[in-house]
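Reviewing the structure listed below.
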Amino acid sequence: MMLSCKESARLLSQRMDRELAFGERVALRVHLAICRGCRNAGAQFEFLREAMRGLAEAESGK
Amino acid sequence: MGARLQTSSPLPAPADFRKQVEDLRPYLLRFASLQLRDAAAAEDAVQETLLAALAGEAGFAGRANLRTWLTGILKHKIVDTIRRQSRERPAAEAGTEGADEFDGLFTGRGHWQEAPDAWEQPEQALNQRQFLAALEACLRALPERTARVFMMREHLGLETPEICKELGITATHCWVLLHRARMALRLCLETNWFDK
């Protein structure tokens, strides 16, 4: 199964909220191997999670 | 008498405890406001938390971090508030499902219109006050329901089944909203921060 970037982006988001099925994981890995844009998007989704943690922590002094 | 002294414990005296708890009010208020987007509701949740904390001081005994303990209580109060709210005024926001909300972002064949570039040194941004302000502005720009689900996931740290249960939505709908939020936020941060 070949994923489009659009489908890949959806899985990149969902893997942060649920465990992907085996087939989904494989398809995503194959797509990411050849698609820099989706790799960047995936990294950015993960950065968002970290940034949200930072947001809760950072302003405590205010 | 000696025995009494020993049991009179490392717990702070009540007045101290009350002050320490009160000192954390601004932090808690901010934490609640981020999720609830409603100053009065946030104030109520924090007030209930402080009352519960002062009444349940014994529950704190031996725990290392007062703020963590209070934040834990506050999260429950916030979820109570959300549950009440979603019962009182359910889903005003009509879903945009059906219409393809990502049409502008992908070509007809599902390729990125504009492939995401790597962000430069995102880690450094985390230490900058202005970056966090930009992130907050992007969060405020999200539609209410989308923001609520995203914040429950990433601010309160709830798992999706819990979020679905509290809001009475399906897991699929939950994932759609979370994905929508992430796509909107990455675009917003790119435009307002990383591209600058």
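Letters A, B, ... go to the chains of the structure tokens in the order shown; residues in each chain start at 1; ligands are counted from 1 in the same order.
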### Message
Give me, as a list of chain:residue names, the residues of chain A touching chain B, with the criterion being at most 7 Å (counting only C-alpha atoms).
### Response
A:Ser4, A:Cys5, A:Lys6, A:Arg10, A:Ser13, A:Gln14, A:Asp17, A:Gly37, A:Asn40, A:Ala41, A:Gln44, A:Phe45, A:Arg49, A:Ala51, A:Met52, A:Arg53, A:Gly54, A:Leu55, A:Ala56, A:Ser60
### Within 12 Å of Ser86 (chain B) using only C-alpha atoms, minus same-chain residues under 5 positions, as a ChimeraX atom specification
/B:36,79-81,91-93,144-145,148-149,163-169
### Task
Extract the full set of helix (DSSP H, G or I) residues from chain A according to DSSP on the backbone, and format it as a PyMOL selection string.
chain A and resi 5-14+22-34+36-61
### Message
Given only C-alpha atoms as the basis, pick out the residue of B:Leu66, B:Ala41, B:Ile78, B:Val46 nearest to Met152 (chain B).
### Response
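Nearest to Met152 (chain B): B:Ile78.
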### Task
To one decimal in Å, tell me the separation between CA of Ala9 (chain A) and CA of Arg37 (chain B).
28.3 Å
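CA of Leu48 (chain A) is positioned 24.1 Å from CA of Val26 (chain A).
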#### Entry: Å distance separating CA of Phe150 (chain B) from CA of Ala184 (chain B), one decimal place
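CA of Phe150 (chain B) sits 11.2 Å away from CA of Ala184 (chain B).
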### Task
List the neighbours of Ala15 (chain B) out to 12 Å using only C-alpha atoms; skip same-chain residues closer than 6 positions along the sequence, and give me the result as a PyMOL selection string.
chain B and resi 21-22+54+57
Skipping near chain neighbours, those fewer than 6 positions away, what residues fall within 12 Å of Val30 (chain A) using only C-alpha atoms, listed as a PDB file with C-alpha atoms, in the first residue's frame?
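In the end it all went to out28.pdb:
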```
ATOM      1  CA  MET A   1       0.000   0.000   0.000  1.00  0.00           C
ATOM      2  CA  MET A   2       1.398   3.395  -0.993  1.00  0.00           C
ATOM      3  CA  LEU A   3       0.420   6.252   1.241  1.00  0.00           C
ATOM      4  CA  SER A   4      -0.124   9.766  -0.009  1.00  0.00           C
ATOM      5  CA  CYS A   5       1.336  12.604   2.051  1.00  0.00           C
ATOM      6  CA  SER A   8       0.730   9.868   5.987  1.00  0.00           C
ATOM      7  CA  GLY A  23       0.169  -2.474   8.326  1.00  0.00           C
ATOM      8  CA  GLU A  24      -0.128   1.216   9.102  1.00  0.00           C
ATOM      9  CA  ARG A  36      11.278  14.601   3.638  1.00  0.00           C
ATOM     10  CA  CYS A  38       6.365  14.164   5.988  1.00  0.00           C
ATOM     11  CA  ARG A  39       9.433  13.508   8.141  1.00  0.00           C
TER      12      ARG A  39
END
```
